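Trainee: Input file: target_19.cif. Contents: mmCIF, C-alpha atoms and all ligand atoms.
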data_query
loop_
_atom_site.label_atom_id
_atom_site.label_comp_id
_atom_site.auth_asym_id
_atom_site.auth_seq_id
_atom_site.Cartn_x
_atom_site.Cartn_y
_atom_site.Cartn_z
CA MET A 148 172.70 130.97 65.61
CA THR A 149 171.86 129.09 68.79
CA GLU A 150 172.95 130.14 72.26
CA LYS A 151 175.40 127.23 72.41
CA GLU A 152 177.11 128.17 69.14
CA ARG A 153 177.84 131.75 70.22
CA THR A 154 181.39 132.80 71.06
CA ILE A 155 182.95 135.94 72.49
CA GLY A 156 183.62 137.05 68.91
CA ASP A 157 179.89 137.43 68.37
CA PHE A 158 179.94 140.32 70.87
CA SER A 159 183.06 142.01 69.46
CA THR A 160 183.59 144.48 66.63
CA PRO A 161 186.90 144.24 64.69
CA GLU A 162 188.15 147.63 65.96
CA THR A 163 190.67 147.88 68.82
CA PRO A 164 189.70 150.07 71.80
CA SER A 165 191.63 153.34 71.86
CA TRP A 166 192.21 153.40 75.63
CA CYS A 167 195.70 153.95 77.08
CA PRO A 168 197.69 150.71 77.52
CA GLY A 169 196.86 149.29 80.96
CA CYS A 170 193.58 151.21 81.34
CA GLY A 171 191.10 149.46 83.65
CA ASN A 172 188.43 149.71 80.97
CA PHE A 173 190.03 146.77 79.12
CA GLY A 174 189.14 144.44 81.97
CA ILE A 175 185.59 145.78 82.11
CA ILE A 176 184.87 145.26 78.42
CA SER A 177 186.38 141.80 78.53
CA SER A 178 184.34 140.73 81.58
CA LEU A 179 181.16 142.29 80.25
CA LYS A 180 181.45 140.39 76.96
CA GLN A 181 182.07 137.16 78.87
CA ALA A 182 179.12 137.87 81.15
CA LEU A 183 176.81 138.53 78.20
CA LEU A 184 177.97 135.31 76.58
CA GLN A 185 177.63 133.23 79.74
CA SER A 186 174.19 134.64 80.55
CA GLY A 187 172.93 133.50 77.15
CA SER A 188 172.41 137.05 75.87
CA ASP A 189 171.65 137.46 72.19
CA PRO A 190 173.78 140.25 70.61
CA ASP A 191 170.86 141.03 68.29
CA ASN A 192 168.67 141.64 71.32
CA THR A 193 171.15 143.56 73.48
CA VAL A 194 171.68 147.31 73.72
CA VAL A 195 174.72 148.92 75.35
CA VAL A 196 174.06 152.57 76.24
CA SER A 197 176.70 154.96 77.50
CA GLY A 198 177.20 158.62 78.30
CA ILE A 199 180.47 160.50 77.83
CA GLY A 200 183.88 159.49 79.19
CA CYS A 201 186.77 157.16 78.36
CA GLY A 202 184.75 154.05 79.24
CA SER A 203 181.68 155.44 77.53
CA LEU A 204 183.23 154.68 74.16
CA MET A 205 182.41 151.04 74.93
CA PRO A 206 179.40 150.68 72.58
CA TYR A 207 181.80 151.10 69.64
CA TRP A 208 183.45 147.81 70.53
CA PHE A 209 180.36 145.73 71.25
CA LYS A 210 178.74 143.98 68.30
CA THR A 211 175.33 144.64 69.79
CA TYR A 212 173.03 147.61 69.39
CA GLY A 213 174.61 150.56 71.13
CA VAL A 214 174.60 154.29 71.52
CA CYS A 215 176.85 156.92 73.10
CA THR A 216 174.47 159.53 74.44
CA LEU A 217 175.01 162.84 76.24
CA HIS A 218 177.07 163.35 79.38
CA GLY A 219 175.09 162.04 82.34
CA ARG A 220 172.11 160.97 80.25
CA ALA A 221 172.80 157.29 79.65
CA ILE A 222 170.31 156.16 82.30
CA PRO A 223 167.27 158.05 80.95
CA PHE A 224 168.21 156.94 77.44
CA GLY A 225 168.44 153.31 78.56
CA THR A 226 165.14 153.72 80.39
CA GLY A 227 163.51 154.90 77.16
CA VAL A 228 164.91 151.94 75.25
CA LYS A 229 163.59 149.50 77.86
CA ILE A 230 160.14 151.07 78.07
CA ALA A 231 159.81 151.11 74.29
CA ASN A 232 160.84 147.47 73.97
CA HIS A 233 161.17 145.54 77.21
CA ASP A 234 162.19 142.40 75.32
CA LEU A 235 165.63 143.99 74.86
CA ARG A 236 168.48 143.40 77.29
CA VAL A 237 169.76 146.84 78.26
CA ILE A 238 173.19 147.56 79.77
CA VAL A 239 173.96 151.15 80.80
CA ASN A 240 177.64 151.89 81.12
CA CYS A 241 178.59 155.20 82.82
CA GLY A 242 181.77 156.82 84.00
CA ASP A 243 181.87 157.91 87.65
CA GLY A 244 181.63 161.60 86.83
CA ASP A 245 179.11 160.85 84.12
CA GLY A 246 176.82 158.70 86.29
CA LEU A 247 177.38 160.13 89.76
CA GLY A 248 178.18 163.77 88.93
CA ILE A 249 176.04 165.31 86.20
CA GLY A 250 173.91 162.17 85.99
CA ALA A 251 173.35 161.73 89.75
CA GLY A 252 169.71 162.84 89.61
CA HIS A 253 168.94 160.17 87.02
CA PHE A 254 170.96 157.61 88.99
CA VAL A 255 168.92 157.94 92.19
CA HIS A 256 165.48 158.06 90.56
CA PHE A 257 166.29 155.10 88.33
CA PHE A 258 166.42 152.76 91.32
CA ARG A 259 162.97 153.77 92.55
CA ARG A 260 161.43 152.09 89.50
CA ASN A 261 163.10 148.69 89.40
CA LEU A 262 163.36 148.55 85.62
CA ASP A 263 165.16 145.43 84.44
CA ILE A 264 168.38 147.22 83.42
CA THR A 265 171.99 146.75 84.52
CA VAL A 266 173.85 149.97 85.35
CA ILE A 267 177.63 149.86 85.52
CA ILE A 268 179.85 152.64 86.82
CA ASP A 269 183.47 152.58 85.57
CA ASN A 270 184.90 154.07 88.74
CA ASN A 271 188.42 155.48 88.54
CA GLY A 272 187.98 158.64 90.60
CA VAL A 273 188.95 161.04 87.80
CA TYR A 274 187.59 162.59 84.63
CA GLY A 275 190.09 160.76 82.41
CA LEU A 276 188.74 161.96 79.07
CA THR A 277 189.25 165.63 80.00
CA LYS A 278 192.75 165.13 81.45
CA GLY A 279 192.18 163.88 84.96
CA GLN A 280 190.20 166.36 87.02
CA THR A 281 188.84 165.14 90.37
CA SER A 282 185.54 163.28 89.96
CA PRO A 283 182.74 162.91 92.54
CA THR A 284 183.89 159.43 93.58
CA ALA A 285 187.42 160.61 94.48
CA LYS A 286 188.26 160.37 98.15
CA LYS A 287 188.58 163.55 100.21
CA GLY A 288 192.09 164.97 99.85
CA THR A 289 192.62 163.71 96.27
CA VAL A 290 195.19 165.81 94.42
CA THR A 291 194.59 166.39 90.71
CA SER A 292 194.89 169.33 88.32
CA SER A 293 191.50 170.62 89.50
CA THR A 294 192.22 170.16 93.21
CA PRO A 295 195.99 170.81 93.49
CA PHE A 296 195.76 171.22 97.29
CA GLY A 297 193.54 168.18 97.76
CA SER A 298 189.76 167.94 97.32
CA LEU A 299 187.70 169.27 100.23
CA GLU A 300 184.55 167.26 99.54
CA GLU A 301 183.52 163.83 100.76
CA PHE A 302 183.16 161.27 97.95
CA THR A 303 179.83 160.29 96.40
CA ASN A 304 178.96 156.79 97.55
CA GLY A 305 177.15 155.18 94.60
CA GLU A 306 176.55 151.91 96.43
CA ALA A 307 174.89 153.68 99.37
CA LEU A 308 172.75 155.79 97.03
CA ALA A 309 171.62 152.72 95.09
CA ILE A 310 170.76 150.81 98.27
CA THR A 311 168.89 153.78 99.73
CA MET A 312 166.87 154.36 96.57
CA GLY A 313 165.70 150.75 96.31
CA ALA A 314 168.13 148.99 93.96
CA THR A 315 167.36 145.28 94.01
CA PHE A 316 170.91 144.20 93.15
CA VAL A 317 174.05 146.05 94.28
CA ALA A 318 177.60 144.82 93.77
CA ARG A 319 181.19 146.02 93.69
CA GLY A 320 183.74 144.56 91.28
CA TYR A 321 187.38 145.06 90.44
CA THR A 322 188.55 145.09 86.85
CA ALA A 323 191.74 143.04 87.38
CA ASP A 324 189.75 140.24 89.05
CA GLN A 325 188.44 139.00 85.71
CA LYS A 326 186.86 135.80 87.00
CA GLY A 327 185.14 137.51 89.91
CA LEU A 328 183.99 140.49 87.86
CA THR A 329 182.58 138.27 85.11
CA GLU A 330 180.60 136.29 87.68
CA ILE A 331 179.24 139.49 89.27
CA LEU A 332 178.25 140.98 85.90
CA LYS A 333 176.63 137.72 84.82
CA LYS A 334 174.50 137.68 87.97
CA ALA A 335 173.68 141.38 87.56
CA ILE A 336 172.51 140.75 83.98
CA GLU A 337 170.47 137.72 85.02
CA HIS A 338 168.88 139.59 87.93
CA LYS A 339 165.27 140.62 87.22
CA GLY A 340 165.18 144.28 88.15
CA SER A 341 167.53 147.23 88.52
CA SER A 342 171.08 146.05 89.11
CA PHE A 343 174.05 148.24 89.90
CA VAL A 344 177.73 147.27 89.69
CA ASN A 345 180.35 149.74 90.87
CA ILE A 346 183.57 148.67 89.12
CA LEU A 347 186.89 149.84 90.54
CA GLN A 348 189.27 150.41 87.64
CA PRO A 349 192.63 152.19 87.67
CA CYS A 350 193.19 155.15 85.36
CA VAL A 351 196.90 154.55 84.82
CA ILE A 352 197.49 158.07 83.51
CA PHE A 353 195.75 160.37 85.95
CA ASN A 354 195.07 158.47 89.19
CA LYS A 355 198.44 157.90 90.85
CA VAL A 356 196.95 156.66 94.14
CA GLU A 357 194.35 153.99 93.27
CA THR A 358 196.74 151.97 91.12
CA TYR A 359 196.85 148.21 90.45
CA ASP A 360 199.32 147.89 93.35
CA PHE A 361 196.97 149.84 95.62
CA TYR A 362 194.10 147.47 94.85
CA LYS A 363 196.28 144.35 94.94
CA GLU A 364 197.00 145.00 98.61
CA ARG A 365 193.40 145.72 99.53
CA VAL A 366 190.89 143.83 97.36
CA LEU A 367 189.38 140.71 98.88
CA THR A 368 186.26 138.67 98.17
CA LEU A 369 183.01 139.25 99.99
CA GLU A 370 181.72 135.84 101.03
CA LYS A 371 178.01 136.42 100.46
CA PRO A 372 175.45 139.21 100.11
CA PHE A 373 174.03 140.83 103.23
CA ALA A 374 170.64 139.54 104.29
CA SER A 375 168.99 142.93 104.67
CA ARG A 376 169.09 146.35 103.03
CA ASN A 377 170.03 147.91 106.39
CA GLU A 378 173.02 145.61 106.83
CA ALA A 379 174.14 146.27 103.26
CA TYR A 380 173.85 150.03 103.84
CA ALA A 381 175.85 149.81 107.06
CA PHE A 382 178.55 147.85 105.21
CA VAL A 383 178.96 150.31 102.33
CA THR A 384 178.98 153.34 104.62
CA THR A 385 181.53 152.01 107.11
CA PRO A 386 185.12 152.98 106.23
CA GLN A 387 187.32 149.90 105.84
CA GLU A 388 191.00 149.33 105.24
CA LYS A 389 190.40 146.44 102.87
CA ILE A 390 188.11 146.60 99.83
CA PRO A 391 185.72 143.65 99.70
CA VAL A 392 184.25 142.95 96.25
CA GLY A 393 181.23 140.84 95.41
CA ILE A 394 177.45 140.99 95.55
CA ILE A 395 176.45 143.23 98.44
CA PHE A 396 172.68 142.98 98.33
CA GLU A 397 170.02 141.24 96.26
CA GLU A 398 166.27 140.88 96.50
CA ASN A 399 163.49 139.99 94.11
CA LEU A 400 160.65 142.45 93.64
CA PRO A 401 158.25 143.02 90.72
CA THR A 402 159.83 145.08 87.96
CA TYR A 403 158.45 148.31 86.54
CA GLU A 404 157.65 146.51 83.31
CA GLU A 405 155.64 143.85 85.14
CA ARG A 406 153.64 146.50 86.97
CA LEU A 407 152.73 148.58 83.90
CA PRO A 408 149.54 147.09 82.41
CA GLN A 409 150.21 148.61 78.96
CA MET A 410 153.26 146.37 78.66
CA ALA A 411 151.59 143.14 79.72
CA LYS A 412 150.57 141.93 76.25
CA ALA A 413 153.55 143.08 74.19
CA PRO A 414 156.37 145.63 74.13
CA LEU A 415 155.12 149.12 73.29
CA VAL A 416 156.94 149.09 69.93
CA ARG A 417 154.69 146.25 68.79
CA HIS A 418 151.43 147.94 69.71
CA ASP A 419 149.29 148.82 66.75
CA LEU A 420 148.83 152.58 66.95
CA ARG A 421 146.67 152.87 63.85
CA ASN A 422 143.00 153.66 64.15
CA ILE A 423 143.07 154.51 67.85
CA ASP A 424 140.03 156.61 68.65
CA VAL A 425 140.94 159.24 71.26
CA SER A 426 137.78 161.32 70.90
CA ALA A 427 136.20 160.07 74.17
CA PHE A 428 139.44 160.86 76.02
CA MET A 429 139.55 164.34 74.47
CA ASP A 430 135.86 164.99 75.14
CA GLU A 431 136.35 164.28 78.83
CA ARG A 432 139.02 166.96 78.98
CA THR A 433 137.48 169.75 76.93
FE1 LIG A 501 191.87 154.88 80.70
FE2 LIG A 501 192.70 156.95 82.14
FE3 LIG A 501 193.64 156.55 79.66
FE4 LIG A 501 191.11 157.31 80.04
S1 LIG A 501 192.94 158.50 80.54
S2 LIG A 501 191.83 155.72 78.63
S3 LIG A 501 190.59 156.23 81.94
S4 LIG A 501 193.94 155.22 81.46
#
Can you present the structure in this file as structure tokens?
Mentor:
Amino acid sequence: MTEKERTIGDFSTPETPSWCPGCGNFGIISSLKQALLQSGSDPDNTVVVSGIGCGSLMPYWFKTYGVCTLHGRAIPFGTGVKIANHDLRVIVNCGDGDGLGIGAGHFVHFFRRNLDITVIIDNNGVYGLTKGQTSPTAKKGTVTSSTPFGSLEEFTNGEALAITMGATFVARGYTADQKGLTEILKKAIEHKGSSFVNILQPCVIFNKVETYDFYKERVLTLEKPFASRNEAYAFVTTPQEKIPVGIIFEENLPTYEERLPQMAKAPLVRHDLRNIDVSAFMDERT
């Protein structure tokens, strides 16, 4: 099948997602499929990797390669996939607790490498799958079953972390803005290097503050990316009443794959490992 003949159906399995009606994950899966289609991605050459969470069930509904891994471990798994075969297009889809709670260590170190992978955080401020406890991205004062008197901690700022650690593409999207989110995801996929998209998405069951009405009053479009990493950092760390969405920062730097000489000729999976003589290497070390 040629790129032109592909349709959205070529990225979809026949099963219906099991999310609650109105869940923000519906908009994310829809935009991500559109973005894969529009960026000319081949489903047979695409891998969707996720951790654990409501949104992390996504690989079940993509007709690509896919795997649901362990809680917080989607990024290292995706890294392994990419290093083994850098011809593959790799999308890592994490929940906010998944990616920025238990997986936060992987999240920050991932951006130091500039692997050509797109990391998405489905950000709804709660652990929806386990009945709505406060997640690390929830704002201070958030009331849930785990913080009935309001959370005492400041929220984890994924955009600031990504910018600080060297991400070469950082964006914020909103699930109900389908056109805008598709465009952002398309550009993130096409970007050569580590891209991060923080997607705001209401959990209609457990987050009674950041609802569709809440975002409707606040979301607006960011005109263009900031010219420097410092400006982008200042933007994402300055509290604002409105919530601008769009590409916050982008720069082009050599990827990890391009800098690793072992990958220059062919992906590691295609290397012929038979008859490799390691005796000289071993002799040096014994
Ligand atoms: Fe979506 Fe929340 Fe339902 Fe999970 S609990 S499927 S995040 S609405």
Trainee: Using all atoms listed in the file, determine which residues lie at most 9 Å from Ala285 in chain A, disregarding the query and same-chain residues fewer than 4 positions distant; provide the list as a PDB file with C-alpha atoms, in the coordinates of the input.
Mentor:
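File written: part-v9.pdb
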ATOM      1  CA  ASN A 271     188.420 155.480  88.540  1.00  0.00           C
ATOM      2  CA  GLY A 272     187.980 158.640  90.600  1.00  0.00           C
ATOM      3  CA  VAL A 273     188.950 161.040  87.800  1.00  0.00           C
ATOM      4  CA  THR A 281     188.840 165.140  90.370  1.00  0.00           C
ATOM      5  CA  THR A 289     192.620 163.710  96.270  1.00  0.00           C
ATOM      6  CA  SER A 298     189.760 167.940  97.320  1.00  0.00           C
ATOM      7  CA  GLU A 300     184.550 167.260  99.540  1.00  0.00           C
ATOM      8  CA  GLU A 301     183.520 163.830 100.760  1.00  0.00           C
ATOM      9  CA  PHE A 302     183.160 161.270  97.950  1.00  0.00           C
ATOM     10  CA  THR A 303     179.830 160.290  96.400  1.00  0.00           C
TER      11      THR A 303
END
Trainee: Show me which residues sit within 9 Å of ligand LIG 501 (chain A) when counting all atoms listed in the file, and put them as a list in words.
Mentor: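 After applying the 9 Å limit, what remains is Ser165, Trp166, Cys167, Pro168, Gly169, Cys170, Gly171, Asn172, Phe173, Gly200, Cys201, Gly202, Asp269, Asn271, Val273, Tyr274, Gly275, Leu276, Thr277, Lys278, Gly279, Gln348, Pro349, Cys350, Val351, Ile352, Phe353 and Asn354 of chain A.
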Trainee: Find, counting only C-alpha atoms, the residue in A:Glu152, A:Glu397, A:Asp243, A:Glu405 that gets nearest to Ser197 in chain A.
Mentor: A:Asp243
Trainee: Please list as a list of chain:residue names every residue within 7 Å of Val214 in chain A, counting all atoms listed in the file and excluding residues in the same chain fewer than 2 positions away.
Mentor: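 Here the qualifying residues turn out to be A:Val195, A:Val196, A:Ser197, A:Pro206, A:Thr216.
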Trainee: Based on the selection just made, write C-alpha atoms of those residues as a PDB file, in the frame of the given file.
Mentor:
ATOM      1  CA  VAL A 195     174.720 148.920  75.350  1.00  0.00           C
ATOM      2  CA  VAL A 196     174.060 152.570  76.240  1.00  0.00           C
ATOM      3  CA  SER A 197     176.700 154.960  77.500  1.00  0.00           C
ATOM      4  CA  PRO A 206     179.400 150.680  72.580  1.00  0.00           C
ATOM      5  CA  THR A 216     174.470 159.530  74.440  1.00  0.00           C
TER       6      THR A 216
END
Trainee: Counting all atoms listed in the file, find the residues whose atoms lie at most 6 Å from (175.2, 150.2, 81.1) (file coordinates) and write them out as a ChimeraX atom specification.
Mentor: /A:195-196,238-240,265-267
Trainee: Applying 6 Å and all atoms listed in the file, which residues near Cys241 in chain A remain after dropping the ones on its own chain fewer than 5 positions away? List them as a PyMOL selection string.
Mentor: chain A and resi 197-198+246+268
Trainee: Show which residues sit within 10 Å of range 417-419 of chain A, as JSON, numbers by chain. Count all atoms listed in the file, and ignore same-chain residues fewer than 6 positions away.
Mentor: {"A": [231, 232, 409, 410]}
Trainee: So what do you get for CA of Gly393 in chain A versus CA of Lys339 in chain A, distance-wise?
Mentor: 17.9 Å
Trainee: Using all atoms listed in the file, what residues lie at most 8 Å away from (178.6, 148.3, 96.1) (file coordinates), given as a ChimeraX atom specification?
Mentor: /A:305-307,317-320,343-345,383,392-395
Trainee: Could you list, as number ranges by chain, every residue within 12 Å of range 385-388 of chain A, counting all atoms listed in the file and ignoring same-chain residues fewer than 2 positions away?
Mentor: A: 286, 302, 304, 306-307, 361-362, 364-367, 378-383, 390-391
Trainee: Considering all atoms listed in the file, state which residue in the set A:Ala335, A:Val290, A:Ala309, A:Ile423 is at the smallest distance from Lys355 in chain A.
Mentor: A:Val290
Trainee: Here is a test: counting only C-alpha atoms, which residue of A:Ser375, A:Thr402, A:Ser426, A:Thr358 is nearest to Thr322 in chain A?
Mentor: A:Thr358
Trainee: Between CA of Glu404 in chain A and CA of Arg236 in chain A, what distance in Å does the model show, to one decimal?
Mentor: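 If I compute the distance from CA of Glu404 in chain A to CA of Arg236 in chain A, I get 12.8 Å.
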Trainee: For Lys363 in chain A, which of A:Phe428, A:Tyr403, A:Phe396, A:Tyr321 is the closest residue, counting all atoms listed in the file?
Mentor: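 Of A:Phe428, A:Tyr403, A:Phe396, A:Tyr321, the one nearest Lys363 in chain A, counting all atoms listed in the file, is A:Tyr321.
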Trainee: Could you rebuild range 298-318 of chain A with N, CA and C atoms and give me the result as a compact mmCIF listing (two decimals), keeping the file's coordinate frame?
Mentor:
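Here's the written file result39.txt:
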# COMPACT_ATOMS: atom_id res chain seq x y z
N SER A 298 191.19 167.62 97.36
CA SER A 298 189.76 167.94 97.32
C SER A 298 189.21 168.09 98.73
N LEU A 299 188.27 169.00 98.90
CA LEU A 299 187.70 169.27 100.23
C LEU A 299 186.44 168.46 100.48
N GLU A 300 185.84 167.94 99.39
CA GLU A 300 184.55 167.26 99.54
C GLU A 300 184.69 165.79 99.90
N GLU A 301 183.64 165.27 100.57
CA GLU A 301 183.52 163.83 100.76
C GLU A 301 183.16 163.20 99.41
N PHE A 302 183.47 161.92 99.23
CA PHE A 302 183.16 161.27 97.95
C PHE A 302 181.68 160.89 97.86
N THR A 303 181.20 160.75 96.63
CA THR A 303 179.83 160.29 96.40
C THR A 303 179.83 158.76 96.45
N ASN A 304 179.00 158.24 97.32
CA ASN A 304 178.96 156.79 97.55
C ASN A 304 177.82 156.18 96.71
N GLY A 305 178.16 155.71 95.52
CA GLY A 305 177.15 155.18 94.60
C GLY A 305 176.44 153.96 95.17
N GLU A 306 177.18 153.12 95.88
CA GLU A 306 176.55 151.91 96.43
C GLU A 306 175.50 152.29 97.47
N ALA A 307 175.84 153.26 98.33
CA ALA A 307 174.89 153.68 99.37
C ALA A 307 173.66 154.33 98.73
N LEU A 308 173.89 155.15 97.70
CA LEU A 308 172.75 155.79 97.03
C LEU A 308 171.83 154.73 96.42
N ALA A 309 172.42 153.76 95.75
CA ALA A 309 171.62 152.72 95.09
C ALA A 309 170.82 151.93 96.13
N ILE A 310 171.47 151.58 97.23
CA ILE A 310 170.76 150.81 98.27
C ILE A 310 169.63 151.64 98.86
N THR A 311 169.91 152.91 99.14
CA THR A 311 168.89 153.78 99.73
C THR A 311 167.69 153.96 98.81
N MET A 312 167.95 154.05 97.51
CA MET A 312 166.87 154.36 96.57
C MET A 312 166.11 153.11 96.11
N GLY A 313 166.51 151.94 96.60
CA GLY A 313 165.70 150.75 96.31
C GLY A 313 166.27 149.79 95.29
N ALA A 314 167.54 149.94 94.91
CA ALA A 314 168.13 148.99 93.96
C ALA A 314 167.94 147.57 94.47
N THR A 315 167.59 146.65 93.57
CA THR A 315 167.36 145.28 94.01
C THR A 315 168.58 144.37 93.80
N PHE A 316 169.64 144.94 93.26
CA PHE A 316 170.91 144.20 93.15
C PHE A 316 172.03 145.24 93.19
N VAL A 317 172.93 145.10 94.15
CA VAL A 317 174.05 146.05 94.28
C VAL A 317 175.33 145.25 94.48
N ALA A 318 176.34 145.55 93.67
CA ALA A 318 177.60 144.82 93.77
C ALA A 318 178.78 145.75 93.52
